Amino acid sequence: MASFELVPGCWVGGNCPCFIIAEIGQNHQGDINIAKNMIEVAKKCGANCVKFQKSDLNSRFNKAALDRPYTSHHSWGNTYGQHRAHLEFSESQFKELKKHAERHEIIFSASGMDMVSLRFLNQLGVPFFKIGSGDANNYSLIQDVARFGKPLIVSTGMQSIDTVQKVYYLLKQFNIKLGFLHCVSAYPAPPSDINLRVIQSYQEKFPDVVIGYSGHETGTDISIAAVALGAKILERHLTLDKTWKGSDHCASLDPEEFQQLVSQVRNVETALGSHIKIVRESEIACYRKKGSVTSTDIATTKCKIF
């Protein structure tokens, strides 16, 4: 199974614990104090990393897209441009957030949605890049990101296996550390559409890639199952309040749920253990009750097991 050092001293894949990303995205409501609080909450919940999103609106969208009316109840402005501008942090604010994460000893990263943002994030010193599902077939952007030479994680929602394979072969030439996340881009994602067995298909097709799961479903059970199936990176959205304005909140976990998720993942990892079937030490007491075991048998059994 593939593994690599994602950040100095932190490996993903192989026999390493699942790397858990708290996706803050734009659930901060455009308020840097909320964003800072969410960083602290993610740390308390046990997440390994917090991740934001960064866009340069004039690079990513044309004038017509920015000027179109945006009348959704999730809107932060009269036009789509005003809405997006409200949710965007400046470069100085991103620097402030990164320092805040460092103070709280949690890894900081972000998805860059365009090359202006990605160049800034590279200068900021994010340890790895994340390509969101919406850009997973943006081959020119992916190539440009790969040239930075940093580890790259790609979410694969809304993509066919042919597209994922094309991305794989495209990135092979750059010899970078690579992760693919199975993902379904629906908010929330219905269980019938999630098809967790894709994780196993990815493991077979891309043995040199670390495979994970980015979940948009409600609750924690499907994400736990993803880890049991071998996901070594797990990304879930974090929110402080599911009733807040914004389409991502309904597919996010609140702090109590996120903390439960982390605890459940670690319990499942412990329980997965070894593929070898032997008598365990915890079974000895029950074994004794049967009256068919001697001190010698126990000693021999312990020797074989431990």
# chains A, B, ... in the order shown; residues from 1 in each chain; ligands from 1
$ residues_around --residues "stretch 239-255 of chain A" --least-positions-apart "5" --cutoff "8 Å" --atoms "only C-alpha atoms" --output "list in words"
Ile24, Asn27, His28, Gln29, Met38, Val41, Ala42, Cys45, His73, His74, Ser75, Tyr187, Pro188, Ala189, His216, Glu217, Thr218 and Gly219 of chain A
$ write_last_selection --atoms "N, CA and C atoms" --output "PDB file, in the first residue's frame"
ATOM      1  N   ILE A  24     -12.878  23.404   6.586  1.00  0.00           N
ATOM      2  CA  ILE A  24     -13.619  24.597   7.005  1.00  0.00           C
ATOM      3  C   ILE A  24     -14.237  25.267   5.787  1.00  0.00           C
ATOM      4  N   ASN A  27     -17.337  27.769   5.514  1.00  0.00           N
ATOM      5  CA  ASN A  27     -18.294  27.714   6.616  1.00  0.00           C
ATOM      6  C   ASN A  27     -18.000  28.745   7.700  1.00  0.00           C
ATOM      7  N   HIS A  28     -16.991  29.569   7.487  1.00  0.00           N
ATOM      8  CA  HIS A  28     -16.626  30.627   8.436  1.00  0.00           C
ATOM      9  C   HIS A  28     -17.487  31.871   8.262  1.00  0.00           C
ATOM     10  N   GLN A  29     -18.372  31.876   7.255  1.00  0.00           N
ATOM     11  CA  GLN A  29     -19.300  32.991   7.017  1.00  0.00           C
ATOM     12  C   GLN A  29     -18.594  34.300   6.662  1.00  0.00           C
ATOM     13  N   MET A  38     -12.918  28.087  14.595  1.00  0.00           N
ATOM     14  CA  MET A  38     -13.068  26.780  13.961  1.00  0.00           C
ATOM     15  C   MET A  38     -11.747  26.022  13.924  1.00  0.00           C
ATOM     16  N   VAL A  41     -11.456  24.614  17.368  1.00  0.00           N
ATOM     17  CA  VAL A  41     -12.421  23.518  17.550  1.00  0.00           C
ATOM     18  C   VAL A  41     -11.916  22.262  16.848  1.00  0.00           C
ATOM     19  N   ALA A  42     -11.403  22.425  15.622  1.00  0.00           N
ATOM     20  CA  ALA A  42     -10.885  21.274  14.872  1.00  0.00           C
ATOM     21  C   ALA A  42      -9.757  20.591  15.632  1.00  0.00           C
ATOM     22  N   CYS A  45     -11.172  18.623  18.492  1.00  0.00           N
ATOM     23  CA  CYS A  45     -11.871  17.437  18.012  1.00  0.00           C
ATOM     24  C   CYS A  45     -10.915  16.314  17.624  1.00  0.00           C
ATOM     25  N   HIS A  73     -31.305  31.942  -0.888  1.00  0.00           N
ATOM     26  CA  HIS A  73     -31.376  32.300   0.533  1.00  0.00           C
ATOM     27  C   HIS A  73     -30.018  32.132   1.210  1.00  0.00           C
ATOM     28  N   HIS A  74     -29.055  31.526   0.498  1.00  0.00           N
ATOM     29  CA  HIS A  74     -27.700  31.403   1.023  1.00  0.00           C
ATOM     30  C   HIS A  74     -26.819  32.584   0.610  1.00  0.00           C
ATOM     31  N   SER A  75     -27.370  33.519  -0.140  1.00  0.00           N
ATOM     32  CA  SER A  75     -26.556  34.592  -0.725  1.00  0.00           C
ATOM     33  C   SER A  75     -26.101  35.617   0.313  1.00  0.00           C
ATOM     34  N   TYR A 187     -24.863  17.668  -1.766  1.00  0.00           N
ATOM     35  CA  TYR A 187     -24.842  18.253  -0.426  1.00  0.00           C
ATOM     36  C   TYR A 187     -26.250  18.276   0.165  1.00  0.00           C
ATOM     37  N   PRO A 188     -26.611  17.272   0.976  1.00  0.00           N
ATOM     38  CA  PRO A 188     -25.806  16.104   1.347  1.00  0.00           C
ATOM     39  C   PRO A 188     -25.896  15.002   0.298  1.00  0.00           C
ATOM     40  N   ALA A 189     -24.926  14.107   0.326  1.00  0.00           N
ATOM     41  CA  ALA A 189     -24.888  12.997  -0.623  1.00  0.00           C
ATOM     42  C   ALA A 189     -25.788  11.859  -0.137  1.00  0.00           C
ATOM     43  N   HIS A 216     -19.604  13.955   1.979  1.00  0.00           N
ATOM     44  CA  HIS A 216     -20.584  15.034   2.069  1.00  0.00           C
ATOM     45  C   HIS A 216     -21.929  14.523   2.556  1.00  0.00           C
ATOM     46  N   GLU A 217     -21.937  13.312   3.109  1.00  0.00           N
ATOM     47  CA  GLU A 217     -23.167  12.747   3.638  1.00  0.00           C
ATOM     48  C   GLU A 217     -23.452  13.301   5.035  1.00  0.00           C
ATOM     49  N   THR A 218     -24.628  13.022   5.539  1.00  0.00           N
ATOM     50  CA  THR A 218     -24.922  13.378   6.925  1.00  0.00           C
ATOM     51  C   THR A 218     -24.429  12.253   7.834  1.00  0.00           C
ATOM     52  N   GLY A 219     -24.106  12.602   9.070  1.00  0.00           N
ATOM     53  CA  GLY A 219     -23.684  11.597  10.037  1.00  0.00           C
ATOM     54  C   GLY A 219     -22.257  11.127   9.816  1.00  0.00           C
TER      55      GLY A 219
END
$ closest_atom_pairs --of "stretch 26-138 of chain A" --to "stretch 147-160 of chain A" --cutoff "6 Å" --atoms "only C-alpha atoms" --output "Markdown table"
| residue | atom | partner | partner_atom | distance |
| --- | --- | --- | --- | --- |
| A:Phe128 | CA | A:Pro151 | CA | 4.9 |
| A:Phe129 | CA | A:Leu152 | CA | 4.9 |
| A:Lys130 | CA | A:Ile153 | CA | 4.8 |
| A:Ile131 | CA | A:Val154 | CA | 4.7 |
| A:Gly132 | CA | A:Ser155 | CA | 5.2 |
| A:Ser133 | CA | A:Ser155 | CA | 4.8 |
$ write_last_selection --atoms "N, CA, C and O atoms" --output "PDB file, in the first residue's frame"
ATOM      1  N   PHE A 128       0.980  20.941   1.445  1.00  0.00           N
ATOM      2  CA  PHE A 128       0.464  20.157   0.322  1.00  0.00           C
ATOM      3  C   PHE A 128      -0.661  20.945  -0.341  1.00  0.00           C
ATOM      4  O   PHE A 128      -1.227  21.878   0.235  1.00  0.00           O
ATOM      5  N   PHE A 129      -0.973  20.567  -1.574  1.00  0.00           N
ATOM      6  CA  PHE A 129      -2.063  21.201  -2.296  1.00  0.00           C
ATOM      7  C   PHE A 129      -3.242  20.243  -2.395  1.00  0.00           C
ATOM      8  O   PHE A 129      -3.079  19.027  -2.454  1.00  0.00           O
ATOM      9  N   LYS A 130      -4.422  20.834  -2.447  1.00  0.00           N
ATOM     10  CA  LYS A 130      -5.652  20.060  -2.633  1.00  0.00           C
ATOM     11  C   LYS A 130      -6.381  20.603  -3.856  1.00  0.00           C
ATOM     12  O   LYS A 130      -6.610  21.809  -3.975  1.00  0.00           O
ATOM     13  N   ILE A 131      -6.713  19.697  -4.768  1.00  0.00           N
ATOM     14  CA  ILE A 131      -7.537  20.044  -5.917  1.00  0.00           C
ATOM     15  C   ILE A 131      -8.947  19.549  -5.631  1.00  0.00           C
ATOM     16  O   ILE A 131      -9.162  18.360  -5.385  1.00  0.00           O
ATOM     17  N   GLY A 132      -9.910  20.468  -5.648  1.00  0.00           N
ATOM     18  CA  GLY A 132     -11.291  20.085  -5.395  1.00  0.00           C
ATOM     19  C   GLY A 132     -11.899  19.366  -6.588  1.00  0.00           C
ATOM     20  O   GLY A 132     -11.381  19.416  -7.713  1.00  0.00           O
ATOM     21  N   SER A 133     -13.018  18.712  -6.361  1.00  0.00           N
ATOM     22  CA  SER A 133     -13.664  17.933  -7.410  1.00  0.00           C
ATOM     23  C   SER A 133     -13.990  18.770  -8.647  1.00  0.00           C
ATOM     24  O   SER A 133     -13.895  18.280  -9.778  1.00  0.00           O
TER      25      SER A 133
END
$ residues_around --residues "A:Leu121" --least-positions-apart "3" --cutoff "12 Å" --atoms "only C-alpha atoms" --output "ChimeraX atom specification"
/A:51-56,90-92,94-95,98,108-118,124-130,145,148,150
$ select_by_dssp --residues "stretch 6-226 of chain A" --states "helix (DSSP H, G or I)" --output "number ranges by chain"
A: 32-45, 57-60, 63-67, 80-87, 91-103, 115-124, 133-135, 139-146, 161-172, 191-194, 197-205, 221-226
$ closest_atom_pairs --of "stretch 214-236 of chain A" --to "stretch 19-23 of chain A" --cutoff "6 Å" --atoms "only C-alpha atoms" --output "Markdown table"
| residue | atom | partner | partner_atom | distance |
| --- | --- | --- | --- | --- |
| A:Ile233 | CA | A:Phe19 | CA | 4.7 |
| A:Leu234 | CA | A:Ile20 | CA | 4.8 |
| A:Glu235 | CA | A:Ile21 | CA | 4.6 |
| A:Arg236 | CA | A:Ala22 | CA | 5.6 |
$ closest_residue --among "A:Cys18, A:Ala64, A:Ser3, A:Tyr202" --to "A:Val268" --atoms "only C-alpha atoms"
A:Cys18
$ atom_distance --atom1 "atom CA of A:Ala186" --atom2 "atom CA of A:His237"
12.8 Å
$ closest_residue --among "A:Phe174, A:Tyr80, A:Phe180, A:Phe120" --to "A:Gly13" --atoms "only C-alpha atoms"
A:Phe180
$ atom_distance --atom1 "atom CA of A:Arg197" --atom2 "atom CA of A:Val209"
16.3 Å
$ closest_residue --among "A:Pro17, A:Pro190, A:Val279, A:Arg60" --to "A:Asp135" --atoms "only C-alpha atoms"
A:Arg60
$ select_by_dssp --residues "stretch 86-207 of chain A" --states "strand (DSSP E or B)" --output "VMD selection string"
chain A and resid 107 to 112 129 to 131 152 to 155 178 to 183
$ write_last_selection --atoms "C-alpha atoms" --output "PDB file, in the first residue's frame"
ATOM      1  CA  ILE A 107      -1.616  21.569  10.040  1.00  0.00           C
ATOM      2  CA  PHE A 108      -2.939  24.331   7.773  1.00  0.00           C
ATOM      3  CA  SER A 109      -3.709  23.968   4.089  1.00  0.00           C
ATOM      4  CA  ALA A 110      -6.122  25.226   1.458  1.00  0.00           C
ATOM      5  CA  SER A 111      -7.613  24.388  -1.906  1.00  0.00           C
ATOM      6  CA  GLY A 112      -6.498  26.902  -4.516  1.00  0.00           C
ATOM      7  CA  PHE A 129      -2.063  21.201  -2.296  1.00  0.00           C
ATOM      8  CA  LYS A 130      -5.652  20.060  -2.633  1.00  0.00           C
ATOM      9  CA  ILE A 131      -7.537  20.044  -5.917  1.00  0.00           C
ATOM     10  CA  LEU A 152      -1.061  16.761  -4.166  1.00  0.00           C
ATOM     11  CA  ILE A 153      -4.467  15.445  -3.066  1.00  0.00           C
ATOM     12  CA  VAL A 154      -7.230  15.323  -5.670  1.00  0.00           C
ATOM     13  CA  SER A 155     -10.931  14.894  -4.902  1.00  0.00           C
ATOM     14  CA  LEU A 178      -0.234  11.799  -4.835  1.00  0.00           C
ATOM     15  CA  GLY A 179      -3.531  11.067  -3.108  1.00  0.00           C
ATOM     16  CA  PHE A 180      -6.977  10.458  -4.641  1.00  0.00           C
ATOM     17  CA  LEU A 181     -10.150  10.963  -2.613  1.00  0.00           C
ATOM     18  CA  HIS A 182     -13.331   9.179  -3.610  1.00  0.00           C
ATOM     19  CA  CYS A 183     -16.082  11.764  -3.396  1.00  0.00           C
TER      20      CYS A 183
END
